[in-house]
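Student: PDB, C-alpha atoms, file upload09.pdb:
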ATOM      1  CA  MET A   1     103.120 150.691 211.342  1.00  0.00           C
ATOM      2  CA  SER A   2      99.718 151.411 212.883  1.00  0.00           C
ATOM      3  CA  ILE A   3      96.552 151.883 210.847  1.00  0.00           C
ATOM      4  CA  ALA A   4      96.073 155.346 212.412  1.00  0.00           C
ATOM      5  CA  PHE A   5      99.459 156.456 211.070  1.00  0.00           C
ATOM      6  CA  VAL A   6      98.698 155.138 207.588  1.00  0.00           C
ATOM      7  CA  LEU A   7      95.336 156.928 207.547  1.00  0.00           C
ATOM      8  CA  MET A   8      96.914 160.174 208.761  1.00  0.00           C
ATOM      9  CA  VAL A   9      99.558 160.032 206.033  1.00  0.00           C
ATOM     10  CA  ARG A  10      96.859 159.329 203.437  1.00  0.00           C
ATOM     11  CA  ALA A  11      94.897 162.424 204.501  1.00  0.00           C
ATOM     12  CA  TRP A  12      97.988 164.642 204.253  1.00  0.00           C
ATOM     13  CA  THR A  13      99.434 163.261 200.984  1.00  0.00           C
ATOM     14  CA  LEU A  14      97.850 165.827 198.651  1.00  0.00           C
ATOM     15  CA  PRO A  15      98.681 168.848 200.840  1.00  0.00           C
ATOM     16  CA  MET A  16     102.285 167.668 201.219  1.00  0.00           C
ATOM     17  CA  LEU A  17     102.630 167.141 197.464  1.00  0.00           C
ATOM     18  CA  LEU A  18     101.241 170.625 196.773  1.00  0.00           C
ATOM     19  CA  VAL A  19     103.764 172.238 199.109  1.00  0.00           C
ATOM     20  CA  LEU A  20     106.633 170.124 197.798  1.00  0.00           C
ATOM     21  CA  CYS A  21     105.871 170.812 194.127  1.00  0.00           C
ATOM     22  CA  GLY A  22     105.282 174.486 194.862  1.00  0.00           C
ATOM     23  CA  SER A  23     108.647 174.673 196.608  1.00  0.00           C
ATOM     24  CA  VAL A  24     110.449 173.034 193.689  1.00  0.00           C
ATOM     25  CA  VAL A  25     108.856 175.367 191.135  1.00  0.00           C
ATOM     26  CA  ALA A  26     109.453 178.405 193.369  1.00  0.00           C
ATOM     27  CA  THR A  27     113.120 177.462 193.723  1.00  0.00           C
ATOM     28  CA  GLY A  28     113.429 177.268 189.942  1.00  0.00           C
ATOM     29  CA  LEU A  29     111.764 180.666 189.608  1.00  0.00           C
ATOM     30  CA  VAL A  30     114.160 182.204 192.142  1.00  0.00           C
ATOM     31  CA  PHE A  31     117.159 180.862 190.246  1.00  0.00           C
ATOM     32  CA  SER A  32     115.736 182.174 186.980  1.00  0.00           C
ATOM     33  CA  GLY A  33     115.588 185.656 188.477  1.00  0.00           C
ATOM     34  CA  THR A  34     111.894 186.069 189.268  1.00  0.00           C
ATOM     35  CA  PRO A  35     111.591 185.972 193.066  1.00  0.00           C
ATOM     36  CA  GLY A  36     108.202 187.754 193.016  1.00  0.00           C
ATOM     37  CA  ALA A  37     106.677 185.058 190.831  1.00  0.00           C
ATOM     38  CA  ALA A  38     108.311 182.424 193.048  1.00  0.00           C
ATOM     39  CA  ALA A  39     106.732 183.914 196.176  1.00  0.00           C
ATOM     40  CA  ALA A  40     103.320 184.173 194.504  1.00  0.00           C
ATOM     41  CA  HIS A  41     103.503 180.592 193.225  1.00  0.00           C
ATOM     42  CA  LEU A  42     104.538 179.238 196.610  1.00  0.00           C
ATOM     43  CA  LEU A  43     101.769 181.192 198.347  1.00  0.00           C
ATOM     44  CA  VAL A  44      99.139 179.758 195.992  1.00  0.00           C
ATOM     45  CA  CYS A  45     100.441 176.215 196.550  1.00  0.00           C
ATOM     46  CA  VAL A  46     100.427 176.640 200.338  1.00  0.00           C
ATOM     47  CA  LEU A  47      96.868 178.008 200.240  1.00  0.00           C
ATOM     48  CA  LEU A  48      95.735 175.091 198.063  1.00  0.00           C
ATOM     49  CA  ALA A  49      97.421 172.692 200.463  1.00  0.00           C
ATOM     50  CA  GLY A  50      95.604 174.278 203.394  1.00  0.00           C
ATOM     51  CA  VAL A  51      92.244 174.093 201.658  1.00  0.00           C
ATOM     52  CA  ASN A  52      92.790 170.411 200.836  1.00  0.00           C
ATOM     53  CA  SER A  53      93.992 169.504 204.306  1.00  0.00           C
ATOM     54  CA  PRO A  54      91.977 168.136 207.213  1.00  0.00           C
ATOM     55  CA  LEU A  55      92.535 171.476 208.972  1.00  0.00           C
ATOM     56  CA  VAL A  56      89.764 173.217 207.022  1.00  0.00           C
ATOM     57  CA  PHE A  57      87.025 170.911 208.258  1.00  0.00           C
ATOM     58  CA  PRO A  58      85.580 170.708 211.752  1.00  0.00           C
ATOM     59  CA  LYS A  59      87.060 168.042 213.984  1.00  0.00           C
ATOM     60  CA  SER A  60      85.980 164.645 212.749  1.00  0.00           C
ATOM     61  CA  VAL A  61      84.403 162.104 215.024  1.00  0.00           C
ATOM     62  CA  GLY A  62      83.959 158.400 214.458  1.00  0.00           C
ATOM     63  CA  ALA A  63      80.910 157.134 212.608  1.00  0.00           C
ATOM     64  CA  VAL A  64      79.467 155.427 215.672  1.00  0.00           C
ATOM     65  CA  GLU A  65      79.832 158.589 217.776  1.00  0.00           C
ATOM     66  CA  ALA A  66      78.435 160.799 214.995  1.00  0.00           C
ATOM     67  CA  GLN A  67      75.407 158.549 214.584  1.00  0.00           C
ATOM     68  CA  ARG A  68      74.864 158.544 218.361  1.00  0.00           C
ATOM     69  CA  ARG A  69      75.043 162.353 218.475  1.00  0.00           C
ATOM     70  CA  SER A  70      72.740 162.658 215.477  1.00  0.00           C
ATOM     71  CA  ALA A  71      70.165 160.418 217.161  1.00  0.00           C
ATOM     72  CA  VAL A  72      70.216 162.761 220.161  1.00  0.00           C
ATOM     73  CA  ASP A  73      70.212 166.170 218.428  1.00  0.00           C
ATOM     74  CA  GLY A  74      68.821 165.310 214.970  1.00  0.00           C
ATOM     75  CA  ARG A  75      71.666 167.011 213.095  1.00  0.00           C
ATOM     76  CA  PRO A  76      72.908 165.468 209.829  1.00  0.00           C
ATOM     77  CA  VAL A  77      76.104 163.410 209.638  1.00  0.00           C
ATOM     78  CA  VAL A  78      78.487 164.259 206.795  1.00  0.00           C
ATOM     79  CA  PHE A  79      80.902 161.577 205.603  1.00  0.00           C
ATOM     80  CA  TRP A  80      83.838 163.229 203.802  1.00  0.00           C
ATOM     81  CA  ARG A  81      87.518 162.822 202.935  1.00  0.00           C
ATOM     82  CA  PRO A  82      90.390 165.297 202.534  1.00  0.00           C
ATOM     83  CA  GLY A  83      91.045 166.449 198.984  1.00  0.00           C
ATOM     84  CA  CYS A  84      87.437 165.977 197.850  1.00  0.00           C
ATOM     85  CA  LYS A  85      86.373 169.082 195.946  1.00  0.00           C
ATOM     86  CA  TYR A  86      82.690 168.298 196.477  1.00  0.00           C
ATOM     87  CA  CYS A  87      83.201 168.036 200.241  1.00  0.00           C
ATOM     88  CA  LEU A  88      85.063 171.343 200.174  1.00  0.00           C
ATOM     89  CA  ARG A  89      82.250 172.926 198.139  1.00  0.00           C
ATOM     90  CA  LEU A  90      79.685 171.706 200.660  1.00  0.00           C
ATOM     91  CA  HIS A  91      81.731 173.015 203.576  1.00  0.00           C
ATOM     92  CA  ILE A  92      82.309 176.433 202.001  1.00  0.00           C
ATOM     93  CA  ARG A  93      78.708 176.892 200.868  1.00  0.00           C
ATOM     94  CA  LEU A  94      77.397 175.977 204.321  1.00  0.00           C
ATOM     95  CA  GLY A  95      79.615 178.624 205.914  1.00  0.00           C
ATOM     96  CA  ARG A  96      79.458 178.838 209.689  1.00  0.00           C
ATOM     97  CA  SER A  97      76.587 176.374 209.887  1.00  0.00           C
ATOM     98  CA  ALA A  98      78.988 173.626 208.729  1.00  0.00           C
ATOM     99  CA  ARG A  99      80.357 173.461 212.274  1.00  0.00           C
ATOM    100  CA  GLN A 100      76.957 172.333 213.555  1.00  0.00           C
ATOM    101  CA  LEU A 101      77.070 169.126 211.495  1.00  0.00           C
ATOM    102  CA  HIS A 102      78.713 165.896 212.585  1.00  0.00           C
ATOM    103  CA  TRP A 103      81.691 165.303 210.235  1.00  0.00           C
ATOM    104  CA  VAL A 104      83.235 161.850 209.733  1.00  0.00           C
ATOM    105  CA  ASP A 105      86.524 161.556 207.812  1.00  0.00           C
ATOM    106  CA  ILE A 106      86.227 158.205 206.044  1.00  0.00           C
ATOM    107  CA  TRP A 107      89.998 157.967 205.657  1.00  0.00           C
ATOM    108  CA  ARG A 108      90.421 158.075 209.424  1.00  0.00           C
ATOM    109  CA  ASP A 109      87.421 155.978 210.365  1.00  0.00           C
ATOM    110  CA  PRO A 110      86.980 152.533 208.784  1.00  0.00           C
ATOM    111  CA  ALA A 111      83.427 152.312 210.174  1.00  0.00           C
ATOM    112  CA  GLY A 112      82.603 155.578 208.390  1.00  0.00           C
ATOM    113  CA  ALA A 113      84.025 154.249 205.130  1.00  0.00           C
ATOM    114  CA  ALA A 114      81.877 151.136 205.553  1.00  0.00           C
ATOM    115  CA  VAL A 115      78.739 153.268 206.008  1.00  0.00           C
ATOM    116  CA  VAL A 116      79.535 155.180 202.813  1.00  0.00           C
ATOM    117  CA  ARG A 117      80.239 151.995 200.840  1.00  0.00           C
ATOM    118  CA  SER A 118      76.960 150.445 201.994  1.00  0.00           C
ATOM    119  CA  ALA A 119      75.056 153.561 200.881  1.00  0.00           C
ATOM    120  CA  ASN A 120      76.813 153.794 197.495  1.00  0.00           C
ATOM    121  CA  ASP A 121      76.912 150.259 196.093  1.00  0.00           C
ATOM    122  CA  GLY A 122      80.444 149.657 197.342  1.00  0.00           C
ATOM    123  CA  ASP A 123      81.862 153.036 196.265  1.00  0.00           C
ATOM    124  CA  GLU A 124      83.313 155.587 198.677  1.00  0.00           C
ATOM    125  CA  THR A 125      81.434 158.502 197.125  1.00  0.00           C
ATOM    126  CA  VAL A 126      81.553 161.597 199.301  1.00  0.00           C
ATOM    127  CA  PRO A 127      80.110 163.758 200.589  1.00  0.00           C
ATOM    128  CA  THR A 128      77.436 161.395 201.777  1.00  0.00           C
ATOM    129  CA  VAL A 129      75.066 163.100 204.181  1.00  0.00           C
ATOM    130  CA  VAL A 130      72.919 160.961 206.459  1.00  0.00           C
ATOM    131  CA  VAL A 131      69.696 162.553 207.688  1.00  0.00           C
ATOM    132  CA  ALA A 132      67.350 160.558 209.918  1.00  0.00           C
ATOM    133  CA  GLY A 133      69.150 157.356 208.927  1.00  0.00           C
ATOM    134  CA  ARG A 134      68.802 157.966 205.162  1.00  0.00           C
ATOM    135  CA  PRO A 135      71.937 158.598 203.058  1.00  0.00           C
ATOM    136  CA  HIS A 136      72.053 161.359 200.442  1.00  0.00           C
ATOM    137  CA  VAL A 137      75.013 161.455 198.054  1.00  0.00           C
ATOM    138  CA  ASN A 138      76.493 164.857 197.195  1.00  0.00           C
ATOM    139  CA  PRO A 139      73.362 166.806 198.152  1.00  0.00           C
ATOM    140  CA  ASP A 140      72.826 170.461 197.407  1.00  0.00           C
ATOM    141  CA  PRO A 141      74.260 172.611 200.215  1.00  0.00           C
ATOM    142  CA  GLU A 142      70.970 174.519 200.526  1.00  0.00           C
ATOM    143  CA  TRP A 143      69.139 171.238 201.136  1.00  0.00           C
ATOM    144  CA  VAL A 144      71.657 170.334 203.865  1.00  0.00           C
ATOM    145  CA  ARG A 145      71.157 173.776 205.436  1.00  0.00           C
ATOM    146  CA  GLU A 146      67.371 173.170 205.447  1.00  0.00           C
ATOM    147  CA  GLN A 147      67.845 169.799 207.132  1.00  0.00           C
ATOM    148  CA  LEU A 148      70.060 171.411 209.745  1.00  0.00           C
ATOM    149  CA  SER A 149      67.515 174.154 210.462  1.00  0.00           C
ATOM    150  CA  ARG A 150      64.786 171.501 210.883  1.00  0.00           C
ATOM    151  CA  SER A 151      66.869 169.742 213.531  1.00  0.00           C
ATOM    152  CA  ALA A 152      67.270 172.908 215.609  1.00  0.00           C
TER     153      ALA A 152
END
As structure tokens, what does this structure read like?
Tutor:
Amino acid sequence: MSIAFVLMVRAWTLPMLLVLCGSVVATGLVFSGTPGAAAAHLLVCVLLAGVNSPLVFPKSVGAVEAQRRSAVDGRPVVFWRPGCKYCLRLHIRLGRSARQLHWVDIWRDPAGAAVVRSANDGDETVPTVVVAGRPHVNPDPEWVREQLSRSA
């Protein structure tokens, strides 16, 4: 089994569990005679799965490539992982400007995970945003937006 496959499965574990559990509960609700509640429950679980999936975030690049791009254009690099509520908060609060950042999924990129561990005393605390070579752990989204506007 390749490392890429293992990392992909890891990133999709929470979304798959949400859909699976939602399906089981919805099936029970259908058999108990409440199909409307079943549909609503399943919809909520599918939406939660989507929000916690890698699909919500911009396409991730490797840490080396992100750092190279950041050196050229000055934009921050965001190290994140699927299922992280703080990463999701950052992404949502940044809105459309989130697409201008360089995103590195630490579960898909071992070099990215190493950068995060070196910045956080061995922990994989995300989001870790690197601006001008300096890491910032779970920064305020407004601060990240300011850093992005300075790079433009």
Student: I'd like the interatomic distance between atom CA of A:Ser60 and atom CA of A:His102, to a tenth of an Å.
Tutor: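 About the pair atom CA of A:Ser60 and atom CA of A:His102: they are 7.4 Å apart.
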Student: For A:Val115, which residue among A:Leu18, A:Ala37, A:Ala66, A:Leu43 is the nearest when counting all atoms listed in the file?
Tutor: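 Smallest separation from A:Val115 among the options: A:Ala66.
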Student: Could you state which residues are captured by the PyMOL selection byres ((chain A and resi 86) around 12) in this file, as a list in words?
Tutor: Asn52, Val78, Phe79, Trp80, Arg81, Pro82, Gly83, Cys84, Lys85, Cys87, Leu88, Arg89, Leu90, His91, Ile92, Arg93, Thr125, Val126, Pro127, Thr128, Val137, Asn138, Pro139, Asp140 and Pro141 of chain A
Student: Of the residues A:Gly22, A:Pro135, A:Gly28, A:Gly62, which is the one nearest to A:Val44, using all atoms listed in the file?
Tutor: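 Checking each of A:Gly22, A:Pro135, A:Gly28, A:Gly62 against A:Val44, counting all atoms listed in the file, the winner is A:Gly22.
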Student: Run the PyMOL selection byres ((chain A and resi 16) around 12) mentally over the shown coordinates, then write out the matched residues as a ChimeraX atom specification, using the chain letters and numbers from the document.
Tutor: /A:8-15,17-23,45-54,83
Student: Just checking: using all atoms listed in the file, which residue out of A:Arg96, A:Glu146, A:Asp123, A:Val64 ends up closest to A:Asp109?
Tutor: A:Val64
Student: When you look at A:Leu94 with a cut-off of 9 Å (counting only C-alpha atoms), what residues show up, excluding the ones that are within fewer than 6 positions of it in the same chain? I need them as number ranges by chain.
Tutor: A: 141-142, 144-145
Student: By how many Å are atom CA of A:Val129 and atom CA of A:Ala113 apart?
Tutor: 12.6 Å
Student: For A:Val77, work out the shell of residues within 8 Å, counting all atoms listed in the file and skipping chain neighbours fewer than 6 positions away, then give it as a PyMOL selection string.
Tutor: chain A and resi 66-67+70+101-104+129-131
Student: Go ahead and write the residues just picked, C-alpha atoms, as a PDB file, in the frame of the given file.
Tutor:
ATOM      1  CA  ALA A  66      78.435 160.799 214.995  1.00  0.00           C
ATOM      2  CA  GLN A  67      75.407 158.549 214.584  1.00  0.00           C
ATOM      3  CA  SER A  70      72.740 162.658 215.477  1.00  0.00           C
ATOM      4  CA  LEU A 101      77.070 169.126 211.495  1.00  0.00           C
ATOM      5  CA  HIS A 102      78.713 165.896 212.585  1.00  0.00           C
ATOM      6  CA  TRP A 103      81.691 165.303 210.235  1.00  0.00           C
ATOM      7  CA  VAL A 104      83.235 161.850 209.733  1.00  0.00           C
ATOM      8  CA  VAL A 129      75.066 163.100 204.181  1.00  0.00           C
ATOM      9  CA  VAL A 130      72.919 160.961 206.459  1.00  0.00           C
ATOM     10  CA  VAL A 131      69.696 162.553 207.688  1.00  0.00           C
TER      11      VAL A 131
END
Student: Please measure the separation of atom CA of A:Arg117 and atom CA of A:Pro58, giving the value in Å to one decimal.
Tutor: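 Value for the atom CA of A:Arg117-atom CA of A:Pro58 distance: 22.3 Å.
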Student: Work out where the centre of an axis-aligned box around every listed atom of stretch 116-132 of chain A lies and how long its edges are once 4 Å is added on each side; give both in Å to one decimal as AutoDock Vina command-line options.
Tutor:
--center_x 75.3 --center_y 156.7 --center_z 203.0 --size_x 24.0 --size_y 22.1 --size_z 21.8
Student: Could you check the closest approach to A:Ala38 for each of A:Arg134, A:Val116, A:Val24, A:Asp105 and tell me which residue wins, using all atoms listed in the file?
Tutor: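 Among the listed residues, A:Val24 lies closest to A:Ala38.
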Student: Return the single residue from A:Val72, A:Leu42, A:Ala98, A:Leu29 that is closest to A:Val56, with distances computed using all atoms listed in the file.
Tutor: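 Checking each candidate against A:Val56, we get A:Ala98 as the closest.
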